[in-house]
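For reference, the structure discussed in these notes is given below.
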Amino acid sequence: MLYIVGLGLGDERDITIRGLDCVRKCAKVYIEAYTSLLSFGLAANGLSKLEELYGKEIIVADREMVEEKADRMLDEALDSDVAFLVVGDPFGATTHTDIVVRARQMGVNVKVVHNASVMNAIGACGLQLYRYGETVSIPFFTETWRPDSFYVKIKNNKQFGLHTLCLLDIRVKEPTFESLCRGKKVYEPPKFMTINTAIEQLLDVAADRGESVCNEDTLCVGIARLGSDSQKIVADTMRNLRGVDFGDPLHCLVIVGETHDMENQMLDFYGNKQG
Ligand SMILES: C[S@@+](CC[C@H](N)C(=O)[O-])C[C@H]1O[C@@H](n2cnc3c(N)ncnc32)[C@H](O)[C@@H]1O
């Protein structure tokens with residue numbers, strides 16, 4: 001059996017009792033370490049805290065392992081109990097749906113234990129979950145690569161008065177270009193997009209396109225470390241949010257659509273006290 005267990009967003013104690021029962025009975029425990037790594041401080045001593053609380057050794061599965069070598073984990077799950085831990089909810093990232101499909105194709109039984117995800121905890125900022133359009137992902141721009149399909153989606157959402165949740169790029173275990181040329185991989189340090197960079201990129205795309213789906217006066221909500229004790233939520237215009245220090249990752253951004261009275265009251269509560 002493969003147990004895919006959501007860990008939630010806060011810290012190692014956010015696992016559910018059902019999730020913990022699964023982990024404790026499994027022969028092997030893997031943790032996905034690239035879609036939401038830092039929220040659990042896994043880069044520091046977070047992993048040993050997890051191992052201590054769960055009473056199990058935990059194997060860190062990086063992107064390569066999950067996307068290319070998952071068959072080994074799935075083979076093990078054919079004749080023993082294996083847990084795959086995911087920060088947030090198992091279905092909060094598309095990769096994990098892929099694992100479920102591959103497991104079912106191999107005849108592996110799968111059980112999912114749900115938990116809070118950025119996709120629903122975002123309700124904390126006061127904008128109603130029912131009034132969001134398509135979620136977008138904003139990738140890091142490079143000198144030569146500036147994909148902007150997210151912009152059209154934001155435009156479509158805005159046309160219907162809907163809010164847009166923007167998930168921001170995470171780069172973990174990316175090989176350097178030079179090392180790829182030399183045939184021996186050396187990895188870049190992990191990179192997490194900040195709300196400030198996301199806003200810069202959004203304003204750049206708007207300027208390139210000569211459209212003002214987003215401009216300096218667009219109302220947004222910046223959210224950092226959602227669900228943790230140090231969560232920070234600030235609602236303000238892009239102009240003002242650009243200068244706010246949101247601190248450590250992970251960050252995401254909501255572009256506000258049409259709002260109702262209750263939503264406005266919540267946004268006032270998160271109004272930028274620094275800007
Ligand atoms: C692919 S999603 C992973 C979602 C995760 N599996 C879940 O269910 O919440 C990763 C992106 O979501 C956003 N995100 C995830 N957790 C967050 C948090 N606690 N606070 C703010 N943003 C978060 C960040 O923009 C991050 O790059």
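Ordering of the structure tokens sets the chain letters (A, B, ...), residue numbers begin anew at 1 in every chain, and ligands are numbered from 1 in the order given.
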*How would you write, as JSON, numbers by chain, the set of residues no farther than 8 Å from ligand 1 when counting only C-alpha atoms and all ligand atoms?*
{"A": [6, 8, 9, 10, 35, 36, 39, 86, 87, 88, 89, 90, 91, 92, 93, 94, 115, 116, 117, 118, 119, 137, 166, 167, 168, 169, 170, 192, 193, 223, 224, 225, 226, 227, 228, 231, 249, 250, 251, 252, 253]}
*Apply DSSP to the backbone of this structure and, from region 50-87 of chain A, keep only the residues in alpha helix (DSSP H); write these as an NGL selection string.*
:A and (50-54 or 63-68 or 70-79)
*Any idea what the distance is between CA of Phe160 (chain A) and CA of Val244 (chain A)?*
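Straight-line distance from CA of Phe160 (chain A) to CA of Val244 (chain A) works out to 28.9 Å.
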*Would you list the contacts of Glu57 (chain A) as a list of chain:residue names, taking every protein, DNA or RNA residue within 12 Å and counting only C-alpha atoms, but skipping same-chain residues closer than 6 positions in sequence?*
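Those residues are A:Val23, A:Arg24, A:Cys26, A:Ala27, A:Lys28, A:Val29, A:Tyr30, A:Ile31, A:Leu47, A:Ser48, A:Lys49, A:Leu50, A:Glu51, A:Ala83.
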Let's have the selection written as a PDB file, in the first residue's frame, with C-alpha atoms.
```pdb
ATOM      1  CA  VAL A  23       3.510   6.822   8.996  1.00  0.00           C
ATOM      2  CA  ARG A  24       4.089   4.750  12.118  1.00  0.00           C
ATOM      3  CA  CYS A  26       4.989   1.953   7.271  1.00  0.00           C
ATOM      4  CA  ALA A  27       8.207   0.104   6.489  1.00  0.00           C
ATOM      5  CA  LYS A  28       9.610   3.084   4.597  1.00  0.00           C
ATOM      6  CA  VAL A  29       8.806   6.790   4.730  1.00  0.00           C
ATOM      7  CA  TYR A  30       9.680   9.263   1.970  1.00  0.00           C
ATOM      8  CA  ILE A  31       9.144  13.014   1.993  1.00  0.00           C
ATOM      9  CA  LEU A  47      13.930  16.831   9.090  1.00  0.00           C
ATOM     10  CA  SER A  48      15.257  15.537  12.404  1.00  0.00           C
ATOM     11  CA  LYS A  49      12.302  17.213  14.186  1.00  0.00           C
ATOM     12  CA  LEU A  50       9.981  15.314  11.862  1.00  0.00           C
ATOM     13  CA  GLU A  51      11.852  12.041  12.464  1.00  0.00           C
ATOM     14  CA  ALA A  83       4.384   6.439   3.153  1.00  0.00           C
TER      15      ALA A  83
END
```
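All residues of region 78-179 of chain A that DSSP, run on the backbone, classes as strand (DSSP E or B) are A:Val82, A:Ala83, A:Phe84, A:Leu85, A:Val86, A:Gly88, A:Val110, A:Lys111, A:Val112, A:Val113, A:Tyr132, A:Val136, A:Ser137, A:Ile138, A:His163, A:Thr164, A:Leu165, A:Cys166, A:Leu167, A:Leu168, A:Ile170, A:Arg171, A:Pro175.
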Would you mind exporting C-alpha atoms of the selected residues as an mmCIF file, in the first residue's frame?
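File part28.cif, as written:
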```
data_model
loop_
_atom_site.group_PDB
_atom_site.id
_atom_site.type_symbol
_atom_site.label_atom_id
_atom_site.label_comp_id
_atom_site.auth_asym_id
_atom_site.auth_seq_id
_atom_site.Cartn_x
_atom_site.Cartn_y
_atom_site.Cartn_z
ATOM 1 C CA VAL A 82 5.218 2.845 2.165
ATOM 2 C CA ALA A 83 4.384 6.439 3.153
ATOM 3 C CA PHE A 84 5.000 9.411 0.892
ATOM 4 C CA LEU A 85 4.752 12.680 2.832
ATOM 5 C CA VAL A 86 3.769 15.873 1.063
ATOM 6 C CA GLY A 88 0.267 20.820 2.199
ATOM 7 C CA VAL A 110 -3.140 3.969 -2.781
ATOM 8 C CA LYS A 111 -4.655 5.717 0.235
ATOM 9 C CA VAL A 112 -4.595 9.485 0.560
ATOM 10 C CA VAL A 113 -4.695 11.349 3.875
ATOM 11 C CA TYR A 132 -11.355 32.796 -7.401
ATOM 12 C CA VAL A 136 -1.533 30.708 -12.071
ATOM 13 C CA SER A 137 2.145 29.899 -11.556
ATOM 14 C CA ILE A 138 4.689 32.658 -12.082
ATOM 15 C CA HIS A 163 -9.546 36.867 -7.799
ATOM 16 C CA THR A 164 -6.333 35.171 -8.985
ATOM 17 C CA LEU A 165 -4.055 33.122 -6.748
ATOM 18 C CA CYS A 166 -0.473 33.360 -8.038
ATOM 19 C CA LEU A 167 1.869 30.558 -6.936
ATOM 20 C CA LEU A 168 5.494 31.621 -7.134
ATOM 21 C CA ILE A 170 10.568 27.406 -6.464
ATOM 22 C CA ARG A 171 13.928 26.258 -7.841
ATOM 23 C CA PRO A 175 21.841 21.949 -12.295
#
```
_With only C-alpha atoms as the counted atoms, please give the residues lying no more than 12 Å from Tyr151 (chain A), apart from itself and same-chain residues fewer than 2 positions off, as JSON, numbers by chain._
{"A": [134, 135, 136, 137, 138, 139, 146, 147, 148, 149, 153, 154, 155, 156, 157, 158, 164, 166, 198, 199, 201, 202, 203, 204, 205, 206, 207, 208, 209, 211, 212, 213, 214, 255]}
_Atomic distance CA of Lys69 (chain A) - CA of Asp21 (chain A), expressed in Å with one decimal_ =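 Taking CA of Lys69 (chain A) as the start and CA of Asp21 (chain A) as the end point, the length is 26.3 Å.
Residue nearest His96 (chain A), chosen from A:Asp229, A:Asp14, A:Glu32, A:Glu263 and counting only C-alpha atoms: A:Glu32.
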_Non-local contacts of region 72-76 of chain A (7 Å; only C-alpha atoms; under 4 positions in same chain excluded) as a ChimeraX atom specification_ = /A:80,103,108
